[in-house]
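Asker: I'm passing along work_39.cif; it holds mmCIF, C-alpha atoms.
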```cif
data_data
#
loop_
_atom_site.label_atom_id
_atom_site.label_comp_id
_atom_site.auth_asym_id
_atom_site.auth_seq_id
_atom_site.Cartn_x
_atom_site.Cartn_y
_atom_site.Cartn_z
CA MET A 1 246.66 320.39 87.18
CA ILE A 2 249.14 319.40 84.46
CA GLU A 3 249.45 322.98 83.28
CA ALA A 4 250.45 323.97 86.81
CA LEU A 5 253.44 321.62 86.55
CA ARG A 6 254.72 323.49 83.51
CA THR A 7 255.14 326.80 85.29
CA LYS A 8 258.50 328.44 85.72
CA ALA A 9 258.34 327.90 89.48
CA ALA A 10 257.93 324.13 89.05
CA LYS A 11 260.84 323.98 86.62
CA LYS A 12 263.02 326.01 89.00
CA LEU A 13 262.06 323.66 91.83
CA ALA A 14 263.02 320.58 89.78
CA TYR A 15 266.36 322.02 88.71
CA GLY A 16 267.01 323.21 92.26
CA ALA A 17 266.40 319.69 93.59
CA LEU A 18 268.84 318.29 91.02
CA ILE A 19 271.51 320.81 91.99
CA LEU A 20 270.89 320.10 95.69
CA LEU A 21 271.40 316.36 95.12
CA ILE A 22 274.68 317.01 93.32
CA VAL A 23 275.90 319.32 96.10
CA VAL A 24 274.95 316.78 98.78
CA ASP A 25 276.89 314.15 96.84
CA PHE A 26 280.04 316.25 97.32
CA ILE A 27 279.44 316.45 101.09
CA ILE A 28 278.73 312.78 101.86
CA PRO A 29 281.99 310.79 101.97
CA ARG A 30 282.44 307.62 99.92
CA HIS A 31 283.87 304.71 101.90
CA GLU A 32 284.05 302.05 99.21
CA VAL A 33 283.91 302.35 95.45
CA HIS A 34 281.94 299.52 93.85
CA PHE A 35 281.32 301.04 90.43
CA PHE A 36 283.16 303.62 88.31
CA GLY A 37 280.25 306.03 88.80
CA ASP A 38 280.89 306.07 92.54
CA LYS A 39 284.17 307.93 91.93
CA ILE A 40 282.46 310.82 90.11
CA PRO A 41 280.60 313.29 92.35
CA GLY A 42 277.02 313.79 91.21
CA PHE A 43 277.12 310.87 88.78
CA TRP A 44 274.04 309.07 90.10
CA SER A 45 271.98 312.27 90.24
CA LEU A 46 272.81 313.12 86.64
CA PHE A 47 272.38 309.49 85.56
CA GLY A 48 268.87 309.38 87.06
CA PHE A 49 267.92 312.73 85.51
CA ILE A 50 269.15 311.73 82.05
CA ALA A 51 267.44 308.31 82.34
CA CYS A 52 264.09 309.98 83.18
CA VAL A 53 264.41 312.38 80.25
CA LEU A 54 265.22 309.49 77.90
CA ILE A 55 262.23 307.47 79.16
CA ILE A 56 259.94 310.43 78.46
CA ILE A 57 261.37 311.07 74.99
CA ILE A 58 261.28 307.39 73.96
CA SER A 59 257.73 306.85 75.24
CA LYS A 60 256.51 309.96 73.39
CA TRP A 61 258.20 308.67 70.23
CA ILE A 62 256.54 305.26 70.60
CA GLY A 63 253.20 306.95 71.24
CA HIS A 64 253.47 309.03 68.09
CA LEU A 65 254.52 306.00 66.04
CA GLY A 66 251.66 303.67 66.68
CA LEU A 67 249.32 304.75 69.43
CA MET A 68 248.15 308.12 68.15
CA GLN A 69 245.74 308.09 65.23
CA ASP A 70 244.50 310.87 62.97
CA GLU A 71 241.19 312.45 63.85
CA SER A 72 239.76 311.12 60.60
CA TYR A 73 240.64 307.54 61.50
CA TYR A 74 237.08 306.22 61.16
CA ASP A 75 236.25 308.27 58.06
CA GLU A 76 238.64 306.39 55.80
#
```
Written as structure tokens, how would this file's structure read?

Answerer:
Amino acid sequence: MIEALRTKAAKKLAYGALILLIVVDFIIPRHEVHFFGDKIPGFWSLFGFIACVLIIIISKWIGHLGLMQDESYYDE
């Protein structure tokens, strides 16, 4: 199941969805600007994508720091 998510088709689908969200952000008009990111088209799509990538990278780093043990953990 997980290996199926790593296929080229799945990656193309994810990048296509990101591009679609950015394009839709250009089409939908902004009535009021409440935050500086509201002025930039596609800001929230890119912000969400970058935040997800950072969450994955940081959690893998934390996992490698303390959660993962050597296979010879009990032999020592």

Asker: Restricting the calculation to all atoms listed in the file: of A:His34, A:Ile28, A:Phe49, A:Trp44, which residue gets closest to A:Tyr15?

Answerer: A:Phe49

Asker: What's the separation between atom CA of A:Leu54 and atom CA of A:Ala14, in Å to one decimal place?

Answerer: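 Taking atom CA of A:Leu54 as the start and atom CA of A:Ala14 as the end point, the length is 16.4 Å.
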
Asker: Which residue, A:Ala17, A:Leu65, A:Ile57, A:Ile22, has the smallest gap to A:Phe43 when you use all atoms listed in the file?

Answerer: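 Of A:Ala17, A:Leu65, A:Ile57, A:Ile22, the one nearest A:Phe43 is A:Ile22, counting all atoms listed in the file.
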
Asker: One decimal, in Å: what's the spacing between atom CA of A:Ser45 and atom CA of A:Leu21?

Answerer: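 Atom-to-atom, atom CA of A:Ser45 and atom CA of A:Leu21 are spaced 6.4 Å apart.
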
Asker: Record the distance separating atom CA of A:Asp38 and atom CA of A:Val23, expressed in Å with one decimal.

Answerer: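 Those two atoms sit 14.6 Å apart.
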
Asker: Could the centre and edge lengths of an axis-aligned box, enclosing all atoms of stretch 6-21 of chain A in the file with 4 Å extra on each side, be given in Å to one decimal as AutoDock Vina command-line options?

Answerer:
```
--center_x 263.1 --center_y 322.4 --center_z 89.6 --size_x 24.8 --size_y 20.1 --size_z 20.2
```
